[in-house]
file target12.cif (mmCIF, C-alpha atoms)
data_final
loop_
_atom_site.label_atom_id
_atom_site.label_comp_id
_atom_site.auth_asym_id
_atom_site.auth_seq_id
_atom_site.Cartn_x
_atom_site.Cartn_y
_atom_site.Cartn_z
CA MET A 1 -281.51 42.23 -72.61
CA PRO A 2 -281.49 44.20 -69.34
CA LYS A 3 -278.88 46.94 -69.04
CA HIS A 4 -277.18 46.04 -65.78
CA ILE A 5 -276.92 42.52 -64.36
CA ALA A 6 -275.51 42.03 -60.86
CA ASP A 7 -272.32 39.98 -60.51
CA SER A 8 -274.26 37.51 -58.35
CA THR A 9 -276.73 36.92 -61.23
CA VAL A 10 -273.90 36.37 -63.71
CA ARG A 11 -272.41 33.81 -61.30
CA ARG A 12 -275.72 31.95 -61.06
CA LEU A 13 -276.05 31.94 -64.86
CA SER A 14 -272.57 30.34 -65.05
CA LEU A 15 -273.68 27.67 -62.60
CA TYR A 16 -276.90 26.98 -64.53
CA LEU A 17 -274.83 26.60 -67.69
CA ARG A 18 -272.61 24.06 -65.95
CA PHE A 19 -275.67 22.00 -64.93
CA VAL A 20 -277.49 22.14 -68.26
CA GLU A 21 -274.32 21.26 -70.18
CA GLU A 22 -273.91 18.28 -67.91
CA ALA A 23 -277.59 17.32 -68.43
CA LEU A 24 -277.14 17.71 -72.20
CA GLY A 25 -274.14 15.37 -72.00
CA ARG A 26 -276.39 12.80 -70.32
CA GLY A 27 -278.91 13.07 -73.16
CA LEU A 28 -281.68 14.86 -71.23
CA ARG A 29 -284.03 17.09 -73.24
CA THR A 30 -285.67 19.34 -70.64
CA ILE A 31 -284.82 20.59 -67.15
CA SER A 32 -287.14 22.18 -64.60
CA SER A 33 -286.51 25.32 -62.57
CA ASP A 34 -286.87 23.09 -59.47
CA THR A 35 -283.98 20.89 -60.61
CA LEU A 36 -281.79 23.89 -61.48
CA ALA A 37 -282.62 25.45 -58.10
CA ALA A 38 -281.71 22.28 -56.21
CA LEU A 39 -278.40 21.93 -58.06
CA GLY A 40 -277.52 25.61 -57.62
CA GLY A 41 -278.56 25.89 -53.99
CA THR A 42 -281.24 28.50 -54.74
CA THR A 43 -285.03 28.66 -55.20
CA SER A 44 -287.02 27.87 -58.33
CA ALA A 45 -288.49 31.40 -58.16
CA GLN A 46 -284.94 32.79 -58.34
CA VAL A 47 -284.12 30.54 -61.31
CA ARG A 48 -287.25 31.68 -63.21
CA LYS A 49 -286.46 35.32 -62.41
CA ASP A 50 -282.81 34.95 -63.54
CA LEU A 51 -283.78 33.33 -66.82
CA SER A 52 -286.87 35.43 -67.60
CA SER A 53 -284.84 38.64 -67.49
CA PHE A 54 -283.26 37.50 -70.76
CA GLY A 55 -286.58 36.85 -72.50
CA SER A 56 -288.94 33.92 -72.02
CA PHE A 57 -287.87 30.40 -72.64
CA GLY A 58 -289.51 27.29 -71.32
CA LYS A 59 -293.22 26.59 -70.90
CA ARG A 60 -294.88 26.34 -67.51
CA GLY A 61 -294.97 22.69 -66.45
CA LEU A 62 -292.75 21.47 -69.28
CA GLY A 63 -289.38 22.77 -68.07
CA TYR A 64 -286.74 24.46 -70.19
CA PRO A 65 -285.64 22.77 -73.43
CA ILE A 66 -281.99 22.00 -72.70
CA PRO A 67 -280.36 22.70 -76.09
CA ASP A 68 -282.07 26.13 -76.26
CA LEU A 69 -281.08 26.90 -72.69
CA VAL A 70 -277.41 26.00 -73.32
CA GLU A 71 -277.36 28.22 -76.39
CA ARG A 72 -279.04 31.17 -74.65
CA LEU A 73 -276.80 30.96 -71.56
CA ARG A 74 -273.66 30.71 -73.70
CA ASP A 75 -274.83 33.71 -75.70
CA ILE A 76 -275.65 35.79 -72.59
CA LEU A 77 -272.28 34.95 -71.03
CA GLY A 78 -270.40 35.88 -74.20
CA LEU A 79 -269.22 32.31 -74.72
CA GLU A 80 -270.42 31.94 -78.31
CA ARG A 81 -267.33 33.77 -79.52
CA GLU A 82 -263.64 33.13 -78.98
CA TRP A 83 -261.67 35.12 -76.40
CA ARG A 84 -257.97 35.57 -76.92
CA VAL A 85 -256.01 35.03 -73.72
CA VAL A 86 -252.43 35.82 -72.75
CA ILE A 87 -250.95 34.13 -69.69
CA ILE A 88 -248.37 36.18 -67.80
CA GLY A 89 -246.27 33.98 -65.54
CA ALA A 90 -245.32 30.65 -67.11
CA GLY A 91 -245.81 28.54 -64.01
CA ARG A 92 -248.06 25.95 -62.43
CA ILE A 93 -251.13 28.16 -61.95
CA GLY A 94 -251.31 29.22 -65.58
CA SER A 95 -250.77 25.62 -66.61
CA ALA A 96 -253.56 24.38 -64.33
CA LEU A 97 -255.89 26.98 -65.82
CA ALA A 98 -254.93 26.17 -69.41
CA HIS A 99 -255.67 22.47 -68.77
CA TYR A 100 -259.01 23.12 -67.11
CA PRO A 101 -261.48 21.33 -69.47
CA GLY A 102 -263.84 24.31 -69.64
CA PHE A 103 -261.08 26.62 -70.81
CA SER A 104 -260.79 25.77 -74.49
CA GLN A 105 -264.28 24.23 -74.55
CA HIS A 106 -265.75 27.61 -73.60
CA GLY A 107 -263.84 29.50 -76.24
CA PHE A 108 -260.82 30.74 -74.27
CA ARG A 109 -257.77 30.42 -76.52
CA ILE A 110 -254.20 31.05 -75.41
CA VAL A 111 -252.46 33.33 -77.91
CA GLY A 112 -249.33 34.08 -75.90
CA VAL A 113 -247.43 33.10 -72.75
CA TYR A 114 -245.11 35.58 -71.05
CA ASP A 115 -242.54 35.64 -68.28
CA ASN A 116 -239.84 38.03 -67.07
CA ASP A 117 -237.35 35.28 -66.21
CA ALA A 118 -234.49 35.17 -68.73
CA GLU A 119 -234.07 31.47 -67.91
CA LYS A 120 -237.62 30.73 -69.07
CA ILE A 121 -237.94 33.07 -72.06
CA GLY A 122 -237.66 31.14 -75.34
CA ARG A 123 -238.51 27.79 -73.80
CA SER A 124 -241.72 25.92 -74.56
CA TRP A 125 -244.62 25.93 -72.11
CA ASP A 126 -247.41 23.48 -72.96
CA GLY A 127 -246.55 23.98 -76.61
CA HIS A 128 -246.33 27.78 -76.45
CA PRO A 129 -242.99 29.59 -76.68
CA ILE A 130 -242.44 31.71 -73.56
CA ARG A 131 -242.10 35.34 -74.58
CA ASP A 132 -240.47 38.27 -72.81
CA VAL A 133 -243.14 40.25 -70.97
CA ALA A 134 -241.34 43.43 -72.08
CA HIS A 135 -242.74 42.72 -75.56
CA LEU A 136 -246.37 42.45 -74.44
CA GLY A 137 -247.37 45.91 -75.74
CA ARG A 138 -245.83 45.33 -79.17
CA ASP A 139 -247.36 41.84 -79.50
CA ALA A 140 -250.76 43.01 -78.24
CA SER A 141 -251.06 45.73 -80.86
CA ARG A 142 -250.82 42.95 -83.47
CA GLU A 143 -252.61 40.05 -81.73
CA LYS A 144 -255.30 41.97 -79.84
CA PRO A 145 -255.72 39.73 -76.80
CA ASP A 146 -258.96 40.17 -74.83
CA ILE A 147 -257.94 38.73 -71.46
CA ALA A 148 -254.66 38.69 -69.49
CA VAL A 149 -254.19 36.04 -66.81
CA LEU A 150 -251.77 37.29 -64.13
CA ALA A 151 -250.17 34.24 -62.52
CA ILE A 152 -247.31 36.14 -60.87
CA PRO A 153 -246.26 37.11 -57.31
CA ALA A 154 -247.98 39.95 -55.47
CA ASP A 155 -244.99 42.31 -55.54
CA THR A 156 -244.95 42.65 -59.34
CA ALA A 157 -248.71 42.37 -59.90
CA GLN A 158 -249.66 46.07 -59.97
CA ALA A 159 -246.82 47.07 -62.32
CA THR A 160 -247.75 44.19 -64.62
CA ALA A 161 -251.45 45.14 -64.50
CA ASP A 162 -250.47 48.71 -65.52
CA HIS A 163 -248.52 47.23 -68.42
CA VAL A 164 -251.52 45.08 -69.45
CA VAL A 165 -253.85 48.11 -69.34
CA ARG A 166 -251.43 50.18 -71.45
CA ALA A 167 -251.38 47.29 -73.96
CA GLY A 168 -255.14 47.82 -74.43
CA ILE A 169 -256.29 44.57 -72.76
CA ARG A 170 -259.66 45.10 -71.05
CA ALA A 171 -260.03 42.05 -68.81
CA ILE A 172 -257.71 40.57 -66.18
CA LEU A 173 -257.93 37.29 -64.29
CA ASN A 174 -255.70 37.94 -61.29
CA PHE A 175 -254.13 35.07 -59.33
CA ALA A 176 -251.73 37.35 -57.40
CA PRO A 177 -252.78 37.65 -53.74
CA THR A 178 -253.27 41.41 -53.89
CA PRO A 179 -255.98 43.80 -55.13
CA LEU A 180 -255.27 45.63 -58.41
CA ARG A 181 -256.09 49.24 -59.29
CA VAL A 182 -257.27 49.59 -62.90
CA PRO A 183 -259.39 52.09 -64.86
CA ASP A 184 -263.18 51.57 -64.95
CA SER A 185 -262.92 50.40 -68.55
CA VAL A 186 -261.01 47.29 -67.41
CA THR A 187 -262.65 44.37 -65.57
CA VAL A 188 -260.66 42.41 -62.99
CA LYS A 189 -261.62 39.11 -61.39
CA THR A 190 -259.37 37.80 -58.66
CA VAL A 191 -258.84 34.15 -57.73
CA ASN A 192 -257.16 34.29 -54.34
CA MET A 193 -256.25 30.87 -52.99
CA ALA A 194 -254.46 32.43 -49.99
CA LEU A 195 -257.58 34.32 -48.88
CA GLU A 196 -259.72 31.20 -49.16
CA LEU A 197 -257.21 29.11 -47.20
CA GLU A 198 -257.00 31.76 -44.49
CA GLY A 199 -260.79 31.92 -44.38
CA LEU A 200 -260.76 28.18 -43.63
CA SER A 201 -258.00 28.61 -41.06
CA TYR A 202 -260.02 31.36 -39.35
CA ALA A 203 -263.14 29.17 -39.31
CA LEU A 204 -261.25 26.17 -37.90
CA ALA A 205 -259.58 28.29 -35.20
CA HIS A 206 -262.80 29.97 -34.06
CA LYS A 207 -265.52 27.37 -34.56
CA ARG A 208 -266.56 25.54 -31.44
CA MET B 1 -262.29 38.67 -29.36
CA PRO B 2 -265.68 39.45 -30.93
CA LYS B 3 -268.05 36.52 -31.37
CA HIS B 4 -268.92 36.77 -35.03
CA ILE B 5 -266.70 38.30 -37.70
CA ALA B 6 -268.10 38.77 -41.18
CA ASP B 7 -266.39 36.93 -44.04
CA SER B 8 -265.60 40.30 -45.63
CA THR B 9 -263.69 41.36 -42.47
CA VAL B 10 -261.72 38.10 -42.44
CA ARG B 11 -260.80 38.73 -46.09
CA ARG B 12 -259.53 42.23 -45.29
CA LEU B 13 -257.50 40.89 -42.35
CA SER B 14 -255.85 38.41 -44.76
CA LEU B 15 -255.00 41.28 -47.10
CA TYR B 16 -253.56 43.40 -44.26
CA LEU B 17 -251.42 40.44 -43.23
CA ARG B 18 -250.08 40.17 -46.78
CA PHE B 19 -249.09 43.85 -46.76
CA VAL B 20 -247.52 43.92 -43.30
CA GLU B 21 -245.54 40.74 -43.97
CA GLU B 22 -244.25 42.36 -47.12
CA ALA B 23 -243.38 45.57 -45.17
CA LEU B 24 -241.66 43.45 -42.51
CA GLY B 25 -239.59 41.79 -45.24
CA ARG B 26 -238.48 45.25 -46.37
CA GLY B 27 -237.33 46.10 -42.83
CA LEU B 28 -240.07 48.63 -42.00
CA ARG B 29 -241.01 48.99 -38.31
CA THR B 30 -244.39 50.74 -38.37
CA ILE B 31 -247.26 51.09 -40.83
CA SER B 32 -250.12 53.60 -40.76
CA SER B 33 -253.82 52.89 -41.22
CA ASP B 34 -253.63 55.25 -44.25
CA THR B 35 -250.99 53.05 -45.90
CA LEU B 36 -252.91 49.85 -45.17
CA ALA B 37 -256.09 51.47 -46.50
CA ALA B 38 -254.40 52.56 -49.74
CA LEU B 39 -252.90 49.09 -50.30
CA GLY B 40 -256.17 47.32 -49.50
CA GLY B 41 -258.45 49.64 -51.46
CA THR B 42 -260.40 50.71 -48.37
CA THR B 43 -260.51 53.67 -45.93
CA SER B 44 -258.27 54.26 -42.93
CA ALA B 45 -261.40 54.39 -40.75
CA GLN B 46 -262.26 50.87 -41.94
CA VAL B 47 -258.72 49.66 -41.18
CA ARG B 48 -258.84 51.11 -37.65
CA LYS B 49 -262.28 49.56 -37.09
CA ASP B 50 -261.15 46.15 -38.39
CA LEU B 51 -258.06 46.10 -36.17
CA SER B 52 -259.59 47.67 -33.05
CA SER B 53 -262.23 44.94 -32.82
CA PHE B 54 -259.39 42.61 -31.79
CA GLY B 55 -258.08 44.86 -29.00
CA SER B 56 -256.04 48.04 -29.33
CA PHE B 57 -252.69 48.05 -31.00
CA GLY B 58 -250.87 51.04 -32.40
CA LYS B 59 -250.75 54.56 -30.99
CA ARG B 60 -252.48 57.47 -32.69
CA GLY B 61 -250.02 59.24 -34.97
CA LEU B 62 -247.32 56.56 -34.65
CA GLY B 63 -248.87 53.82 -36.77
CA TYR B 64 -248.98 50.12 -35.95
CA PRO B 65 -245.76 48.37 -34.89
CA ILE B 66 -245.28 45.86 -37.71
CA PRO B 67 -243.95 42.82 -35.83
CA ASP B 68 -246.82 43.03 -33.32
CA LEU B 69 -249.33 43.46 -36.11
CA VAL B 70 -248.03 40.41 -38.02
CA GLU B 71 -248.22 38.31 -34.86
CA ARG B 72 -251.74 39.48 -33.96
CA LEU B 73 -253.09 39.00 -37.49
CA ARG B 74 -251.55 35.54 -37.74
CA ASP B 75 -253.06 34.67 -34.38
CA ILE B 76 -256.54 35.99 -35.29
CA LEU B 77 -256.48 34.09 -38.61
CA GLY B 78 -255.43 30.85 -36.91
CA LEU B 79 -252.07 30.82 -38.70
CA GLU B 80 -249.87 30.42 -35.62
CA ARG B 81 -250.60 26.70 -35.64
CA GLU B 82 -250.16 24.03 -38.27
CA TRP B 83 -253.11 22.82 -40.36
CA ARG B 84 -253.00 19.33 -41.79
CA VAL B 85 -254.17 19.21 -45.39
CA VAL B 86 -255.15 16.35 -47.68
CA ILE B 87 -255.30 16.96 -51.42
CA ILE B 88 -257.89 14.93 -53.29
CA GLY B 89 -257.13 14.86 -57.01
CA ALA B 90 -253.43 14.49 -57.80
CA GLY B 91 -253.34 16.93 -60.68
CA ARG B 92 -252.14 20.37 -61.72
CA ILE B 93 -254.44 22.41 -59.49
CA GLY B 94 -253.39 20.68 -56.29
CA SER B 95 -249.78 20.97 -57.37
CA ALA B 96 -250.11 24.71 -58.07
CA LEU B 97 -251.63 25.17 -54.61
CA ALA B 98 -248.94 23.09 -52.87
CA HIS B 99 -246.24 25.21 -54.52
CA TYR B 100 -247.86 28.52 -53.65
CA PRO B 101 -245.22 30.16 -51.38
CA GLY B 102 -247.77 31.10 -48.71
CA PHE B 103 -248.92 27.52 -48.37
CA SER B 104 -246.21 25.98 -46.19
CA GLN B 105 -245.09 29.40 -44.94
CA HIS B 106 -248.55 29.90 -43.40
CA GLY B 107 -248.58 26.54 -41.71
CA PHE B 108 -250.53 24.45 -44.23
CA ARG B 109 -248.88 21.03 -44.39
CA ILE B 110 -249.81 18.28 -46.84
CA VAL B 111 -250.27 15.00 -44.97
CA GLY B 112 -251.79 12.99 -47.81
CA VAL B 113 -252.57 13.06 -51.52
CA TYR B 114 -255.43 11.00 -52.95
CA ASP B 115 -256.83 10.01 -56.31
CA ASN B 116 -259.33 7.45 -57.62
CA ASP B 117 -257.34 6.63 -60.77
CA ALA B 118 -255.73 3.18 -60.51
CA GLU B 119 -253.04 4.40 -62.93
CA LYS B 120 -251.99 7.14 -60.49
CA ILE B 121 -252.37 5.36 -57.14
CA GLY B 122 -248.96 4.38 -55.73
CA ARG B 123 -247.03 6.86 -57.85
CA SER B 124 -245.22 9.84 -56.36
CA TRP B 125 -246.73 13.34 -56.57
CA ASP B 126 -244.37 16.13 -55.52
CA GLY B 127 -242.76 13.67 -53.10
CA HIS B 128 -246.04 12.30 -51.72
CA PRO B 129 -247.24 8.79 -52.57
CA ILE B 130 -250.68 8.96 -54.21
CA ARG B 131 -253.16 7.03 -52.09
CA ASP B 132 -256.48 5.45 -53.00
CA VAL B 133 -259.29 7.82 -52.05
CA ALA B 134 -261.26 4.78 -50.85
CA HIS B 135 -258.86 4.71 -47.86
CA LEU B 136 -259.46 8.33 -46.85
CA GLY B 137 -261.70 7.48 -43.88
CA ARG B 138 -259.28 4.91 -42.47
CA ASP B 139 -256.26 7.23 -42.90
CA ALA B 140 -258.11 10.24 -41.49
CA SER B 141 -259.01 8.45 -38.25
CA ARG B 142 -255.25 8.07 -37.68
CA GLU B 143 -253.86 11.28 -39.22
CA LYS B 144 -256.64 13.72 -38.32
CA PRO B 145 -256.43 16.10 -41.28
CA ASP B 146 -258.05 19.52 -40.79
CA ILE B 147 -258.60 20.58 -44.41
CA ALA B 148 -259.44 18.69 -47.60
CA VAL B 149 -258.63 20.29 -50.96
CA LEU B 150 -260.99 18.99 -53.66
CA ALA B 151 -259.20 19.33 -56.99
CA ILE B 152 -261.53 17.02 -58.92
CA PRO B 153 -264.19 17.32 -61.65
CA ALA B 154 -267.67 18.61 -60.82
CA ASP B 155 -269.44 15.29 -61.37
CA THR B 156 -267.67 13.52 -58.49
CA ALA B 157 -267.36 16.53 -56.17
CA GLN B 158 -270.50 16.06 -54.04
CA ALA B 159 -269.89 12.34 -53.42
CA THR B 160 -266.28 13.10 -52.48
CA ALA B 161 -267.35 15.94 -50.19
CA ASP B 162 -269.75 13.52 -48.44
CA HIS B 163 -266.84 11.11 -48.01
CA VAL B 164 -264.65 13.92 -46.58
CA VAL B 165 -267.38 14.92 -44.11
CA ARG B 166 -267.84 11.30 -42.99
CA ALA B 167 -264.06 11.15 -42.41
CA GLY B 168 -264.46 13.94 -39.83
CA ILE B 169 -262.72 16.70 -41.82
CA ARG B 170 -264.27 20.09 -41.03
CA ALA B 171 -262.92 22.38 -43.77
CA ILE B 172 -262.98 22.03 -47.57
CA LEU B 173 -261.25 24.10 -50.24
CA ASN B 174 -263.31 23.29 -53.34
CA PHE B 175 -261.85 23.75 -56.83
CA ALA B 176 -264.66 21.82 -58.53
CA PRO B 177 -266.95 24.15 -60.49
CA THR B 178 -270.06 23.25 -58.51
CA PRO B 179 -271.56 24.21 -55.12
CA LEU B 180 -271.30 21.60 -52.34
CA ARG B 181 -273.91 20.70 -49.72
CA VAL B 182 -272.29 20.06 -46.31
CA PRO B 183 -273.47 20.18 -42.67
CA ASP B 184 -273.19 23.50 -40.78
CA SER B 185 -270.24 22.14 -38.82
CA VAL B 186 -268.15 22.04 -42.01
CA THR B 187 -266.79 25.20 -43.73
CA VAL B 188 -266.42 25.27 -47.51
CA LYS B 189 -264.55 27.86 -49.57
CA THR B 190 -264.80 27.57 -53.33
CA VAL B 191 -262.19 28.71 -55.83
CA ASN B 192 -264.04 28.71 -59.14
CA MET B 193 -261.84 29.67 -62.08
CA ALA B 194 -264.66 28.94 -64.55
CA LEU B 195 -267.03 31.41 -62.86
CA GLU B 196 -264.38 34.12 -62.84
CA LEU B 197 -263.52 33.53 -66.51
CA GLU B 198 -267.21 33.64 -67.46
CA GLY B 199 -267.60 36.84 -65.44
CA LEU B 200 -264.86 38.37 -67.60
CA SER B 201 -266.44 37.00 -70.76
CA TYR B 202 -269.78 38.52 -69.74
CA ALA B 203 -268.14 41.89 -69.02
CA LEU B 204 -266.27 41.89 -72.35
CA ALA B 205 -269.41 40.95 -74.28
CA HIS B 206 -271.61 43.61 -72.66
CA LYS B 207 -269.31 46.55 -71.95
CA ARG B 208 -269.48 49.38 -74.41
#

call {"tool": "encode", "arguments": {"input": "target12.cif", "output": "structure tokens"}}
result
Amino acid sequence: MPKHIADSTVRRLSLYLRFVEEALGRGLRTISSDTLAALGGTTSAQVRKDLSSFGSFGKRGLGYPIPDLVERLRDILGLEREWRVVIIGAGRIGSALAHYPGFSQHGFRIVGVYDNDAEKIGRSWDGHPIRDVAHLGRDASREKPDIAVLAIPADTAQATADHVVRAGIRAILNFAPTPLRVPDSVTVKTVNMALELEGLSYALAHKR
Amino acid sequence: MPKHIADSTVRRLSLYLRFVEEALGRGLRTISSDTLAALGGTTSAQVRKDLSSFGSFGKRGLGYPIPDLVERLRDILGLEREWRVVIIGAGRIGSALAHYPGFSQHGFRIVGVYDNDAEKIGRSWDGHPIRDVAHLGRDASREKPDIAVLAIPADTAQATADHVVRAGIRAILNFAPTPLRVPDSVTVKTVNMALELEGLSYALAHKR
């Protein structure tokens, strides 16, 4: 296993996994690097390079055996184990994420849902009781969540991220439209719908 | 106005806009490149470079006048006009997007909601009647939407994108976990929650 893999490689591995899982669902037994390249918008040389860096699988001319490839990709991506997720912000975004089919299927399990709104605390959210975010640290020391999803407005995002880091959680999926400052030991991925929309708006306004 | 702006610059301009709108809401009148740099996780030299490429605003030592900066950034990003949006896939993701506060506030207006599920067609979705996606082309020739949001599963995403392109829509916000092939005249931005989650999973599995 190579020491450092670029983010762009990890993203391609995720895409390959999507395609081979879909192929597995259709009952296929092998898939070629050409097919993976066409689906992923890359070259077959890139596919072979991406996959060979994790040890050899597949025989030249025969393609990759799909069940092996699914298992190896899931293992590389850390999807063979369960990740414990807390959702902070009991709203539509967290709910959309929790209902995304790949969420539970890929081993992401919601262990707690939090909000700071007294009106919401204690109610049920997709079957989970909404907890007071002030109790996150206490709960986390017992439940050891791996990932915090921040589905909250920008103005409270940094303070909440600080709270998450203090609670010992080492990975954050950030839906707030703002960058977060965290220690190097914590990984943040941001899903910023506003940036993407404004990127489209910019392109529409300036394209001839 | 410079001819070609890199995607990374457009993304920083979106972030600056977020910060100056927030400062405007708090009644501030000027903001320095140092402050913008600190908020955006960049350098003040980068901020000055990003903003100066669109003509000079701000005086050395006095900072940028906030109302002017908001107006210029909104203009550059194409947000001073209204964009007509169709949502394809009447589910939780589209709903989360439609309720994002920046959506209507930044001039994105939903003109139609589509699905291919006979059970859903005709029902109301956040006040919009759900239409049959088979009628998208006919409706689009009349309503001229600018942006299509694809909030649908991966396996139907490419066929739907082809349909959107044939309907004359030139911008796509793609929530399906798969890349889309479109002509150069069409801009696609992808919001891929699965990729981001798997990036976190990878980091958790491999970090020491």

call {"tool": "atom_distance", "arguments": {"input": "target12.cif", "atom1": "atom CA of A:Pro101", "atom2": "atom CA of B:Ser201"}}
result
16.5 Å

call {"tool": "interface_residues", "arguments": {"input": "target12.cif", "of": "chain A", "to": "chain B", "cutoff": "8 Å", "atoms": "all atoms listed in the file", "output": "ChimeraX atom specification"}}
result
/A:7,10-11,14-15,18,39-41,76-79,83,92-93,95-97,102-103,146-147,170-173,177-179,187-206

call {"tool": "write_last_selection", "arguments": {"input": "target12.cif", "atoms": "C-alpha atoms", "output": "PDB file, keeping the file's coordinate frame"}}
result
ATOM      1  CA  ASP A   7    -272.320  39.980 -60.510  1.00  0.00           C
ATOM      2  CA  VAL A  10    -273.900  36.370 -63.710  1.00  0.00           C
ATOM      3  CA  ARG A  11    -272.410  33.810 -61.300  1.00  0.00           C
ATOM      4  CA  SER A  14    -272.570  30.340 -65.050  1.00  0.00           C
ATOM      5  CA  LEU A  15    -273.680  27.670 -62.600  1.00  0.00           C
ATOM      6  CA  ARG A  18    -272.610  24.060 -65.950  1.00  0.00           C
ATOM      7  CA  LEU A  39    -278.400  21.930 -58.060  1.00  0.00           C
ATOM      8  CA  GLY A  40    -277.520  25.610 -57.620  1.00  0.00           C
ATOM      9  CA  GLY A  41    -278.560  25.890 -53.990  1.00  0.00           C
ATOM     10  CA  ILE A  76    -275.650  35.790 -72.590  1.00  0.00           C
ATOM     11  CA  LEU A  77    -272.280  34.950 -71.030  1.00  0.00           C
ATOM     12  CA  GLY A  78    -270.400  35.880 -74.200  1.00  0.00           C
ATOM     13  CA  LEU A  79    -269.220  32.310 -74.720  1.00  0.00           C
ATOM     14  CA  TRP A  83    -261.670  35.120 -76.400  1.00  0.00           C
ATOM     15  CA  ARG A  92    -248.060  25.950 -62.430  1.00  0.00           C
ATOM     16  CA  ILE A  93    -251.130  28.160 -61.950  1.00  0.00           C
ATOM     17  CA  SER A  95    -250.770  25.620 -66.610  1.00  0.00           C
ATOM     18  CA  ALA A  96    -253.560  24.380 -64.330  1.00  0.00           C
ATOM     19  CA  LEU A  97    -255.890  26.980 -65.820  1.00  0.00           C
ATOM     20  CA  GLY A 102    -263.840  24.310 -69.640  1.00  0.00           C
ATOM     21  CA  PHE A 103    -261.080  26.620 -70.810  1.00  0.00           C
ATOM     22  CA  ASP A 146    -258.960  40.170 -74.830  1.00  0.00           C
ATOM     23  CA  ILE A 147    -257.940  38.730 -71.460  1.00  0.00           C
ATOM     24  CA  ARG A 170    -259.660  45.100 -71.050  1.00  0.00           C
ATOM     25  CA  ALA A 171    -260.030  42.050 -68.810  1.00  0.00           C
ATOM     26  CA  ILE A 172    -257.710  40.570 -66.180  1.00  0.00           C
ATOM     27  CA  LEU A 173    -257.930  37.290 -64.290  1.00  0.00           C
ATOM     28  CA  PRO A 177    -252.780  37.650 -53.740  1.00  0.00           C
ATOM     29  CA  THR A 178    -253.270  41.410 -53.890  1.00  0.00           C
ATOM     30  CA  PRO A 179    -255.980  43.800 -55.130  1.00  0.00           C
ATOM     31  CA  THR A 187    -262.650  44.370 -65.570  1.00  0.00           C
ATOM     32  CA  VAL A 188    -260.660  42.410 -62.990  1.00  0.00           C
ATOM     33  CA  LYS A 189    -261.620  39.110 -61.390  1.00  0.00           C
ATOM     34  CA  THR A 190    -259.370  37.800 -58.660  1.00  0.00           C
ATOM     35  CA  VAL A 191    -258.840  34.150 -57.730  1.00  0.00           C
ATOM     36  CA  ASN A 192    -257.160  34.290 -54.340  1.00  0.00           C
ATOM     37  CA  MET A 193    -256.250  30.870 -52.990  1.00  0.00           C
ATOM     38  CA  ALA A 194    -254.460  32.430 -49.990  1.00  0.00           C
ATOM     39  CA  LEU A 195    -257.580  34.320 -48.880  1.00  0.00           C
ATOM     40  CA  GLU A 196    -259.720  31.200 -49.160  1.00  0.00           C
ATOM     41  CA  LEU A 197    -257.210  29.110 -47.200  1.00  0.00           C
ATOM     42  CA  GLU A 198    -257.000  31.760 -44.490  1.00  0.00           C
ATOM     43  CA  GLY A 199    -260.790  31.920 -44.380  1.00  0.00           C
ATOM     44  CA  LEU A 200    -260.760  28.180 -43.630  1.00  0.00           C
ATOM     45  CA  SER A 201    -258.000  28.610 -41.060  1.00  0.00           C
ATOM     46  CA  TYR A 202    -260.020  31.360 -39.350  1.00  0.00           C
ATOM     47  CA  ALA A 203    -263.140  29.170 -39.310  1.00  0.00           C
ATOM     48  CA  LEU A 204    -261.250  26.170 -37.900  1.00  0.00           C
ATOM     49  CA  ALA A 205    -259.580  28.290 -35.200  1.00  0.00           C
ATOM     50  CA  HIS A 206    -262.800  29.970 -34.060  1.00  0.00           C
TER      51      HIS A 206
END

call {"tool": "atom_distance", "arguments": {"input": "target12.cif", "atom1": "atom CA of B:Arg131", "atom2": "atom CA of B:Arg109"}}
result
16.5 Å

call {"tool": "resolve_selection", "arguments": {"input": "target12.cif", "expression": "the PyMOL selection byres ((chain A and resi 130) around 6)", "output": "mmCIF file with C-alpha atoms, keeping the file's coordinate frame"}}
result
data_model
loop_
_atom_site.group_PDB
_atom_site.id
_atom_site.type_symbol
_atom_site.label_atom_id
_atom_site.label_comp_id
_atom_site.auth_asym_id
_atom_site.auth_seq_id
_atom_site.Cartn_x
_atom_site.Cartn_y
_atom_site.Cartn_z
ATOM 1 C CA VAL A 113 -247.430 33.100 -72.750
ATOM 2 C CA TYR A 114 -245.110 35.580 -71.050
ATOM 3 C CA ILE A 121 -237.940 33.070 -72.060
ATOM 4 C CA GLY A 122 -237.660 31.140 -75.340
ATOM 5 C CA ARG A 123 -238.510 27.790 -73.800
ATOM 6 C CA SER A 124 -241.720 25.920 -74.560
ATOM 7 C CA PRO A 129 -242.990 29.590 -76.680
ATOM 8 C CA ARG A 131 -242.100 35.340 -74.580
#

call {"tool": "atom_distance", "arguments": {"input": "target12.cif", "atom1": "atom CA of B:Asp139", "atom2": "atom CA of B:Ile110"}}
result
13.4 Å

call {"tool": "resolve_selection", "arguments": {"input": "target12.cif", "expression": "the PyMOL selection byres ((chain A and resi 45-50) around 8)", "output": "list in words"}}
result
Thr9, Leu13, Ser33, Leu36, Ala37, Thr42, Thr43, Ser44, Leu51, Ser52, Ser53 and Phe54 of chain A

call {"tool": "residues_around", "arguments": {"input": "target12.cif", "residues": "B:Gly168", "least_positions_apart": "6", "cutoff": "8 Å", "atoms": "only C-alpha atoms", "output": "MDAnalysis selection string"}}
result
chainID B and resid 140:141 144

call {"tool": "residues_around", "arguments": {"input": "target12.cif", "residues": "A:Asn116", "least_positions_apart": "5", "cutoff": "9 Å", "atoms": "all atoms listed in the file", "output": "tab-separated table (two decimals) with C-alpha atoms, in the frame of the given file"}}
result
chain	number	residue	atom	x	y	z
A	88	ILE	CA	-248.37	36.18	-67.80
A	89	GLY	CA	-246.27	33.98	-65.54
A	121	ILE	CA	-237.94	33.07	-72.06
A	131	ARG	CA	-242.10	35.34	-74.58
A	132	ASP	CA	-240.47	38.27	-72.81
A	133	VAL	CA	-243.14	40.25	-70.97
A	134	ALA	CA	-241.34	43.43	-72.08
